Amino acid sequence: MKPTGYYTHPVCWKHEMGAGHPECPERLSAIEDRLLITGVGDALERREPTPASVAELELAHGRMHVAALRGLHDELREEIAAGGPSHAQLDPDTSINLHTWEAALLSAGAALNATDAVLAGELENAFCAVRPPGHHACRDKAMGFCFFNNVAVAAKYAVERHGLQRVAIIDFDVHHGNGTEDIVAGDDRILMCSFYQHPFYPEWNHSGAANLVNMPVSAYTKGMDIRELIDMTWLPRLEAHRPEMVFISAGFDAHREDDMGQLGLVEQDYVWITQQIKQVAQRHAQGRIVSVLEGGYNLSALARSVEAHLRVLADV
């Protein structure tokens with residue numbers, strides 16, 4: 001059996017958005033600690049990503065968006081040198097520090113490196129423990145803790161650069177991946193399946209594109225109800241699409257212990273969901289999966305859920 005890859009980078013700890021912000025470096029530390037004490041980390045092949053190039057980012061993002069973020073980074077560096085503030089604010093929830101630009105390039109780069117390695121047959125599948133996350137980043141806008149859409153960049157890369165004809169994106173974060181929808185809507189090569197709490201952040205007018213399987217659920221929906229909906233809605237569409245590679249926006253904030261949402265999933269639900277995705281990938285995609293961290297803000301629940309997800313991916 002080929003190994004499961006585990007991509008992360010020290011710079012992903014250096015991006016932070018201020019004291020008390022839920023999308024914090026401690027999220028990665030909690031995952032690392034859990035993988036160490038459970039021994040799951042021993043079953044993974046650790047790799048450090050290289051940064052995504054501007055051209056690769058522009059597979060999913062507008063040129064002006066990429067240039068504007070780079071310009072904001074350069075401006076912040078000059079302001080800090082002149083004794084100014086340590087952060088630049090993009091919206092009430094989202095800001096950058098001096099390390100954000102590099103961390104964002106490495107996070108997208110991890111998804112791209114993982115895609116290359118899985119398609120080359122070096123790895124069975126891969127998980128990217130990176131931040132900042134990505135699924136709220138639209139083609140031309142950063143928002144919701146996200147700057148570049150890591151999974152959308154990788155999915156576009158798989159079809160544009162590797163020539164795959166059909167890929168799938170699965171998003172099980174508690175929040176809707178509006179940025180991913182914005183980027184892939186209408187691209188019939190990419191099937192996007194998601195569930196998310198509704199009404200909830202972000203308020204988003206869905207495009208209604210045929211390649212999107214949106215599954216809004218109300219607050220306090222339990223894991224067994226989510227499983228039934230996945231069985232009825234995602235799985236038939238995935239079978240019909242026959243993806244040659246599967247990408248996962250792996251947010252774990254639908255866990256019942258996570259205060260950022262009000263859904264009722266537990267670790268065994270993430271095991272079940274990952275098993276369903278893996279079976280689809282084994283039938284149609286030679287097992288090829290690249291999973292990228294999105295949300296998950298209760299540190300203990302996040303760490304346990306990532307462990308559960310990785311146990312299925314790595315067969316441990």
# chains A, B, ... in the order shown; residues from 1 in each chain; ligands from 1
>>> residues_around(residues="A:Leu35", least_positions_apart="2", cutoff="10 Å", atoms="only C-alpha atoms", output="count of residues only")
18
>>> closest_atom_pairs(of="stretch 165-191 of chain A", to="stretch 206-219 of chain A", cutoff="9 Å", atoms="only C-alpha atoms", output="JSON lines")
{"residue": "A:His176", "atom": "CA", "partner": "A:Pro216", "partner_atom": "CA", "distance": 8.3}
{"residue": "A:Asn178", "atom": "CA", "partner": "A:His206", "partner_atom": "CA", "distance": 8.2}
{"residue": "A:Glu181", "atom": "CA", "partner": "A:Leu212", "partner_atom": "CA", "distance": 7.5}
{"residue": "A:Asp182", "atom": "CA", "partner": "A:Ser207", "partner_atom": "CA", "distance": 8.0}
{"residue": "A:Val184", "atom": "CA", "partner": "A:Asn211", "partner_atom": "CA", "distance": 8.3}
{"residue": "A:Ala185", "atom": "CA", "partner": "A:Ala209", "partner_atom": "CA", "distance": 5.6}
{"residue": "A:Gly186", "atom": "CA", "partner": "A:Ala209", "partner_atom": "CA", "distance": 5.4}
{"residue": "A:Asp187", "atom": "CA", "partner": "A:Asn211", "partner_atom": "CA", "distance": 6.9}
{"residue": "A:Asp188", "atom": "CA", "partner": "A:Asn211", "partner_atom": "CA", "distance": 5.7}
{"residue": "A:Arg189", "atom": "CA", "partner": "A:Asn211", "partner_atom": "CA", "distance": 8.2}
{"residue": "A:Ile190", "atom": "CA", "partner": "A:Asn211", "partner_atom": "CA", "distance": 6.8}
{"residue": "A:Leu191", "atom": "CA", "partner": "A:Asn211", "partner_atom": "CA", "distance": 4.9}
>>> write_last_selection(atoms="all heavy atoms", output="compact mmCIF listing (two decimals), in the first residue's frame")
# COMPACT_ATOMS: atom_id res chain seq x y z
N HIS A 176 -21.21 27.18 4.41
CA HIS A 176 -21.23 26.90 2.98
C HIS A 176 -19.95 27.40 2.32
O HIS A 176 -19.49 28.52 2.59
CB HIS A 176 -22.43 27.57 2.32
CG HIS A 176 -22.46 27.42 0.83
ND1 HIS A 176 -22.38 26.19 0.22
CD2 HIS A 176 -22.52 28.32 -0.17
CE1 HIS A 176 -22.42 26.33 -1.09
NE2 HIS A 176 -22.49 27.63 -1.36
N ASN A 178 -19.00 29.10 -0.13
CA ASN A 178 -19.48 30.04 -1.15
C ASN A 178 -18.40 30.41 -2.16
O ASN A 178 -18.67 30.59 -3.35
CB ASN A 178 -20.01 31.31 -0.49
CG ASN A 178 -18.92 32.04 0.28
OD1 ASN A 178 -18.36 31.51 1.23
ND2 ASN A 178 -18.61 33.27 -0.13
N GLU A 181 -18.06 27.58 -4.63
CA GLU A 181 -19.19 27.65 -5.57
C GLU A 181 -18.97 28.75 -6.59
O GLU A 181 -19.19 28.56 -7.81
CB GLU A 181 -20.51 27.88 -4.83
CG GLU A 181 -21.66 28.08 -5.78
CD GLU A 181 -23.02 28.14 -5.09
OE1 GLU A 181 -23.27 27.35 -4.15
OE2 GLU A 181 -23.85 28.96 -5.52
N ASP A 182 -18.53 29.92 -6.14
CA ASP A 182 -18.29 31.06 -7.03
C ASP A 182 -17.29 30.69 -8.14
O ASP A 182 -17.45 31.09 -9.29
CB ASP A 182 -17.77 32.25 -6.22
CG ASP A 182 -17.47 33.47 -7.06
OD1 ASP A 182 -18.38 33.92 -7.80
OD2 ASP A 182 -16.34 33.99 -6.99
N VAL A 184 -16.32 27.44 -9.17
CA VAL A 184 -16.53 26.24 -10.01
C VAL A 184 -17.91 26.15 -10.62
O VAL A 184 -18.15 25.29 -11.46
CB VAL A 184 -16.23 24.94 -9.22
CG1 VAL A 184 -14.86 25.00 -8.57
CG2 VAL A 184 -17.32 24.63 -8.19
N ALA A 185 -18.86 27.02 -10.22
CA ALA A 185 -20.22 26.94 -10.76
C ALA A 185 -20.20 26.99 -12.28
O ALA A 185 -19.55 27.85 -12.89
CB ALA A 185 -21.07 28.09 -10.21
N GLY A 186 -20.88 26.04 -12.89
CA GLY A 186 -20.97 26.00 -14.35
C GLY A 186 -19.85 25.23 -15.03
O GLY A 186 -19.92 25.00 -16.24
N ASP A 187 -18.83 24.81 -14.27
CA ASP A 187 -17.75 24.00 -14.85
C ASP A 187 -18.12 22.54 -14.68
O ASP A 187 -17.97 21.96 -13.60
CB ASP A 187 -16.42 24.32 -14.14
CG ASP A 187 -15.22 23.64 -14.80
OD1 ASP A 187 -15.43 22.63 -15.52
OD2 ASP A 187 -14.08 24.09 -14.59
N ASP A 188 -18.63 21.94 -15.73
CA ASP A 188 -19.18 20.58 -15.64
C ASP A 188 -18.12 19.52 -15.39
O ASP A 188 -18.46 18.37 -15.10
CB ASP A 188 -19.96 20.24 -16.90
CG ASP A 188 -21.23 21.08 -17.03
OD1 ASP A 188 -21.73 21.53 -15.99
OD2 ASP A 188 -21.71 21.28 -18.16
N ARG A 189 -16.84 19.88 -15.48
CA ARG A 189 -15.79 18.93 -15.14
C ARG A 189 -15.70 18.73 -13.63
O ARG A 189 -15.14 17.74 -13.15
CB ARG A 189 -14.44 19.44 -15.66
CG ARG A 189 -14.37 19.64 -17.16
CD ARG A 189 -13.11 20.37 -17.56
NE ARG A 189 -13.05 21.71 -16.98
CZ ARG A 189 -12.05 22.58 -17.16
NH1 ARG A 189 -11.02 22.24 -17.92
NH2 ARG A 189 -12.07 23.77 -16.59
N ILE A 190 -16.23 19.69 -12.86
CA ILE A 190 -16.09 19.69 -11.40
C ILE A 190 -17.47 19.59 -10.77
O ILE A 190 -18.31 20.50 -10.91
CB ILE A 190 -15.38 20.97 -10.91
CG1 ILE A 190 -14.02 21.13 -11.59
CG2 ILE A 190 -15.23 20.95 -9.38
CD1 ILE A 190 -13.32 22.45 -11.30
N LEU A 191 -17.73 18.50 -10.06
CA LEU A 191 -18.97 18.34 -9.29
C LEU A 191 -18.68 18.74 -7.85
O LEU A 191 -17.75 18.21 -7.23
CB LEU A 191 -19.45 16.89 -9.35
CG LEU A 191 -20.70 16.57 -8.51
CD1 LEU A 191 -21.94 17.21 -9.13
CD2 LEU A 191 -20.90 15.06 -8.38
>>> atom_distance(atom1="atom CA of A:Pro92", atom2="atom CA of A:Ala129")
25.0 Å
>>> select_by_dssp(residues="stretch 135-285 of chain A", states="strand (DSSP E)", output="compact mmCIF listing (two decimals) with C-alpha atoms, in the first residue's frame")
# COMPACT_ATOMS: atom_id res chain seq x y z
CA VAL A 167 -13.18 15.68 -10.50
CA ALA A 168 -15.32 16.15 -7.39
CA ILE A 169 -15.14 18.53 -4.45
CA ILE A 170 -16.76 17.43 -1.18
CA ASP A 171 -17.27 20.18 1.44
CA ILE A 190 -16.09 19.69 -11.40
CA LEU A 191 -18.97 18.34 -9.29
CA MET A 192 -19.29 20.10 -5.91
CA CYS A 193 -21.24 18.37 -3.12
CA SER A 194 -21.75 20.08 0.23
CA PHE A 195 -23.88 20.22 3.33
CA TYR A 196 -23.96 23.22 5.63
CA GLN A 197 -26.05 24.88 8.31
CA LEU A 212 -23.57 21.92 -7.58
CA VAL A 213 -25.23 19.64 -5.03
CA ASN A 214 -26.05 22.02 -2.18
CA MET A 215 -27.55 20.44 0.93
CA PRO A 216 -28.61 23.12 3.44
CA VAL A 217 -29.66 21.75 6.84
CA VAL A 246 -11.75 13.68 -5.21
CA PHE A 247 -10.93 16.83 -3.25
CA ILE A 248 -12.25 17.42 0.27
CA SER A 249 -12.81 20.75 1.99
CA ALA A 250 -12.44 19.19 5.41
>>> closest_atom_pairs(of="stretch 111-162 of chain A", to="stretch 51-61 of chain A", cutoff="8 Å", atoms="only C-alpha atoms", output="Markdown table")
| residue | atom | partner | partner_atom | distance |
| --- | --- | --- | --- | --- |
| A:Leu112 | CA | A:Ala52 | CA | 7.3 |
| A:Cys138 | CA | A:His61 | CA | 7.4 |
| A:Arg139 | CA | A:His61 | CA | 4.3 |
| A:Asp140 | CA | A:His61 | CA | 6.0 |
| A:Phe148 | CA | A:Leu57 | CA | 7.5 |
| A:Asn149 | CA | A:Ala60 | CA | 7.6 |
| A:Ala152 | CA | A:Ala60 | CA | 6.3 |
| A:Val153 | CA | A:Ala60 | CA | 5.2 |
| A:Lys156 | CA | A:Leu59 | CA | 6.1 |
| A:Tyr157 | CA | A:Leu59 | CA | 6.8 |
>>> write_last_selection(atoms="all heavy atoms", output="mmCIF file, in the first residue's frame")
data_model
loop_
_atom_site.group_PDB
_atom_site.id
_atom_site.type_symbol
_atom_site.label_atom_id
_atom_site.label_comp_id
_atom_site.auth_asym_id
_atom_site.auth_seq_id
_atom_site.Cartn_x
_atom_site.Cartn_y
_atom_site.Cartn_z
ATOM 1 N N LEU A 112 -1.691 21.694 -4.154
ATOM 2 C CA LEU A 112 -1.132 21.415 -5.478
ATOM 3 C C LEU A 112 -0.072 20.314 -5.419
ATOM 4 O O LEU A 112 -0.066 19.394 -6.252
ATOM 5 C CB LEU A 112 -0.519 22.690 -6.067
ATOM 6 C CG LEU A 112 -1.497 23.827 -6.352
ATOM 7 C CD1 LEU A 112 -0.735 25.079 -6.753
ATOM 8 C CD2 LEU A 112 -2.487 23.433 -7.436
ATOM 9 N N CYS A 138 -13.526 33.796 -2.734
ATOM 10 C CA CYS A 138 -14.161 33.814 -4.049
ATOM 11 C C CYS A 138 -13.110 34.097 -5.121
ATOM 12 O O CYS A 138 -11.950 34.364 -4.817
ATOM 13 C CB CYS A 138 -15.253 34.879 -4.082
ATOM 14 S SG CYS A 138 -16.560 34.619 -2.855
ATOM 15 N N ARG A 139 -13.547 34.082 -6.362
ATOM 16 C CA ARG A 139 -12.626 34.357 -7.459
ATOM 17 C C ARG A 139 -11.931 35.702 -7.269
ATOM 18 O O ARG A 139 -10.727 35.828 -7.504
ATOM 19 C CB ARG A 139 -13.372 34.349 -8.795
ATOM 20 C CG ARG A 139 -12.478 34.641 -9.992
ATOM 21 C CD ARG A 139 -13.224 34.458 -11.302
ATOM 22 N NE ARG A 139 -13.662 33.084 -11.479
ATOM 23 C CZ ARG A 139 -12.885 32.099 -11.917
ATOM 24 N NH1 ARG A 139 -11.607 32.339 -12.213
ATOM 25 N NH2 ARG A 139 -13.357 30.881 -12.065
ATOM 26 N N ASP A 140 -12.678 36.699 -6.802
ATOM 27 C CA ASP A 140 -12.125 38.055 -6.724
ATOM 28 C C ASP A 140 -12.239 38.673 -5.336
ATOM 29 O O ASP A 140 -12.185 39.894 -5.199
ATOM 30 C CB ASP A 140 -12.828 38.962 -7.746
ATOM 31 C CG ASP A 140 -12.569 38.519 -9.179
ATOM 32 O OD1 ASP A 140 -11.378 38.412 -9.548
ATOM 33 O OD2 ASP A 140 -13.541 38.264 -9.908
ATOM 34 N N PHE A 148 -6.967 32.634 -0.392
ATOM 35 C CA PHE A 148 -6.988 31.889 -1.649
ATOM 36 C C PHE A 148 -7.729 30.580 -1.404
ATOM 37 O O PHE A 148 -7.620 29.990 -0.331
ATOM 38 C CB PHE A 148 -5.572 31.605 -2.161
ATOM 39 C CG PHE A 148 -4.772 32.844 -2.444
ATOM 40 C CD1 PHE A 148 -3.524 33.020 -1.865
ATOM 41 C CD2 PHE A 148 -5.262 33.839 -3.280
ATOM 42 C CE1 PHE A 148 -2.775 34.158 -2.112
ATOM 43 C CE2 PHE A 148 -4.517 34.988 -3.532
ATOM 44 C CZ PHE A 148 -3.272 35.150 -2.946
ATOM 45 N N ASN A 149 -8.460 30.127 -2.420
ATOM 46 C CA ASN A 149 -9.294 28.941 -2.250
ATOM 47 C C ASN A 149 -8.472 27.695 -2.583
ATOM 48 O O ASN A 149 -8.389 27.273 -3.736
ATOM 49 C CB ASN A 149 -10.525 29.046 -3.144
ATOM 50 C CG ASN A 149 -11.601 28.068 -2.747
ATOM 51 O OD1 ASN A 149 -11.329 26.890 -2.563
ATOM 52 N ND2 ASN A 149 -12.818 28.542 -2.611
ATOM 53 N N ALA A 152 -10.248 24.800 -4.515
ATOM 54 C CA ALA A 152 -10.649 25.190 -5.871
ATOM 55 C C ALA A 152 -9.434 25.354 -6.780
ATOM 56 O O ALA A 152 -9.462 24.961 -7.956
ATOM 57 C CB ALA A 152 -11.464 26.479 -5.833
ATOM 58 N N VAL A 153 -8.351 25.917 -6.247
ATOM 59 C CA VAL A 153 -7.115 26.033 -7.021
ATOM 60 C C VAL A 153 -6.642 24.638 -7.437
ATOM 61 O O VAL A 153 -6.293 24.400 -8.601
ATOM 62 C CB VAL A 153 -6.021 26.765 -6.216
ATOM 63 C CG1 VAL A 153 -4.663 26.652 -6.895
ATOM 64 C CG2 VAL A 153 -6.379 28.244 -6.027
ATOM 65 N N LYS A 156 -9.012 23.011 -10.107
ATOM 66 C CA LYS A 156 -8.781 23.618 -11.427
ATOM 67 C C LYS A 156 -7.439 23.149 -12.001
ATOM 68 O O LYS A 156 -7.315 22.893 -13.210
ATOM 69 C CB LYS A 156 -8.804 25.143 -11.314
ATOM 70 C CG LYS A 156 -10.186 25.733 -11.082
ATOM 71 C CD LYS A 156 -11.000 25.742 -12.368
ATOM 72 C CE LYS A 156 -12.273 26.540 -12.212
ATOM 73 N NZ LYS A 156 -13.077 26.579 -13.466
ATOM 74 N N TYR A 157 -6.450 23.035 -11.136
ATOM 75 C CA TYR A 157 -5.118 22.551 -11.550
ATOM 76 C C TYR A 157 -5.202 21.122 -12.088
ATOM 77 O O TYR A 157 -4.572 20.783 -13.099
ATOM 78 C CB TYR A 157 -4.206 22.623 -10.331
ATOM 79 C CG TYR A 157 -2.795 22.138 -10.484
ATOM 80 C CD1 TYR A 157 -1.822 22.915 -11.112
ATOM 81 C CD2 TYR A 157 -2.403 20.905 -9.946
ATOM 82 C CE1 TYR A 157 -0.506 22.479 -11.204
ATOM 83 C CE2 TYR A 157 -1.097 20.463 -10.032
ATOM 84 C CZ TYR A 157 -0.148 21.254 -10.661
ATOM 85 O OH TYR A 157 1.158 20.824 -10.748
#
>>> residues_around(residues="stretch 98-110 of chain A", least_positions_apart="6", cutoff="9 Å", atoms="only C-alpha atoms", output="PyMOL selection string")
chain A and resi 7-16+47-54+56-57+69-70+73-74+76-77+80+86-87+128-134+146-151+153-154+292
>>> atom_distance(atom1="atom CA of A:Arg166", atom2="atom CA of A:Ile273")
20.7 Å
>>> atom_distance(atom1="atom CA of A:Ile96", atom2="atom CA of A:Leu72")
8.6 Å
>>> closest_residue(among="A:Lys141, A:His136, A:His241, A:His255", to="A:Arg283", atoms="only C-alpha atoms")
A:His241
>>> select_by_dssp(residues="stretch 56-234 of chain A", states="alpha helix (DSSP H)", output="PyMOL selection string")
chain A and resi 56-57+63-81+100-119+150-160+178-184+223-229
>>> decode(residues="stretch 13-39 of chain A", atoms="N, CA, C and O atoms", output="compact mmCIF listing (two decimals), in the first residue's frame")
# COMPACT_ATOMS: atom_id res chain seq x y z
N TRP A 13 1.84 28.30 11.01
CA TRP A 13 1.63 28.69 12.41
C TRP A 13 1.81 30.21 12.60
O TRP A 13 1.32 30.77 13.56
N LYS A 14 2.54 30.85 11.70
CA LYS A 14 2.90 32.26 11.91
C LYS A 14 1.81 33.24 11.46
O LYS A 14 1.77 34.37 11.93
N HIS A 15 0.96 32.79 10.56
CA HIS A 15 -0.20 33.61 10.20
C HIS A 15 -1.16 33.64 11.38
O HIS A 15 -1.53 32.60 11.93
N GLU A 16 -1.54 34.82 11.82
CA GLU A 16 -2.56 34.93 12.87
C GLU A 16 -3.28 36.26 12.70
O GLU A 16 -2.75 37.20 12.12
N MET A 17 -4.52 36.32 13.22
CA MET A 17 -5.38 37.47 12.99
C MET A 17 -5.72 38.21 14.27
O MET A 17 -6.71 38.93 14.32
N GLY A 18 -4.89 38.05 15.31
CA GLY A 18 -5.09 38.80 16.54
C GLY A 18 -5.52 37.92 17.70
O GLY A 18 -6.06 36.83 17.51
N ALA A 19 -5.27 38.41 18.90
CA ALA A 19 -5.58 37.65 20.12
C ALA A 19 -7.06 37.30 20.17
O ALA A 19 -7.93 38.14 19.91
N GLY A 20 -7.34 36.05 20.52
CA GLY A 20 -8.72 35.60 20.70
C GLY A 20 -9.43 35.21 19.42
O GLY A 20 -10.60 34.80 19.46
N HIS A 21 -8.77 35.32 18.27
CA HIS A 21 -9.43 34.95 17.01
C HIS A 21 -9.56 33.43 16.95
O HIS A 21 -8.61 32.71 17.22
N PRO A 22 -10.73 32.93 16.56
CA PRO A 22 -10.92 31.47 16.57
C PRO A 22 -10.04 30.73 15.55
O PRO A 22 -9.69 29.57 15.77
N GLU A 23 -9.70 31.39 14.43
CA GLU A 23 -8.86 30.72 13.42
C GLU A 23 -7.41 31.01 13.80
O GLU A 23 -6.78 31.91 13.26
N CYS A 24 -6.91 30.20 14.73
CA CYS A 24 -5.65 30.50 15.41
C CYS A 24 -4.61 29.40 15.14
O CYS A 24 -4.94 28.27 14.77
N PRO A 25 -3.32 29.72 15.35
CA PRO A 25 -2.28 28.71 15.14
C PRO A 25 -2.42 27.47 16.01
O PRO A 25 -1.99 26.38 15.61
N GLU A 26 -3.05 27.64 17.17
CA GLU A 26 -3.22 26.50 18.09
C GLU A 26 -4.04 25.37 17.46
O GLU A 26 -3.97 24.21 17.93
N ARG A 27 -4.80 25.66 16.42
CA ARG A 27 -5.56 24.62 15.74
C ARG A 27 -4.61 23.55 15.18
O ARG A 27 -4.87 22.35 15.31
N LEU A 28 -3.54 23.99 14.54
CA LEU A 28 -2.58 23.03 13.99
C LEU A 28 -1.83 22.30 15.09
O LEU A 28 -1.56 21.10 14.97
N SER A 29 -1.52 23.00 16.17
CA SER A 29 -0.83 22.35 17.29
C SER A 29 -1.69 21.26 17.91
O SER A 29 -1.18 20.18 18.27
N ALA A 30 -2.99 21.51 18.03
CA ALA A 30 -3.89 20.51 18.60
C ALA A 30 -3.92 19.26 17.74
O ALA A 30 -3.91 18.12 18.25
N ILE A 31 -3.93 19.43 16.42
CA ILE A 31 -3.91 18.29 15.51
C ILE A 31 -2.60 17.52 15.65
O ILE A 31 -2.59 16.28 15.76
N GLU A 32 -1.49 18.24 15.66
CA GLU A 32 -0.18 17.59 15.79
C GLU A 32 -0.09 16.79 17.09
O GLU A 32 0.41 15.66 17.10
N ASP A 33 -0.55 17.38 18.18
CA ASP A 33 -0.49 16.70 19.49
C ASP A 33 -1.30 15.40 19.46
O ASP A 33 -0.87 14.37 19.98
N ARG A 34 -2.48 15.49 18.84
CA ARG A 34 -3.35 14.31 18.80
C ARG A 34 -2.74 13.19 17.96
O ARG A 34 -2.79 12.01 18.34
N LEU A 35 -2.15 13.56 16.83
CA LEU A 35 -1.53 12.55 15.98
C LEU A 35 -0.33 11.91 16.66
O LEU A 35 -0.02 10.74 16.44
N LEU A 36 0.35 12.70 17.50
CA LEU A 36 1.49 12.17 18.24
C LEU A 36 1.06 11.19 19.32
O LEU A 36 1.58 10.07 19.40
N ILE A 37 0.10 11.59 20.14
CA ILE A 37 -0.26 10.73 21.29
C ILE A 37 -1.01 9.48 20.86
O ILE A 37 -0.96 8.46 21.55
N THR A 38 -1.70 9.53 19.72
CA THR A 38 -2.43 8.35 19.25
C THR A 38 -1.56 7.45 18.38
O THR A 38 -1.95 6.31 18.09
N GLY A 39 -0.44 7.96 17.91
CA GLY A 39 0.42 7.19 17.02
C GLY A 39 -0.01 7.23 15.56
O GLY A 39 0.67 6.64 14.70
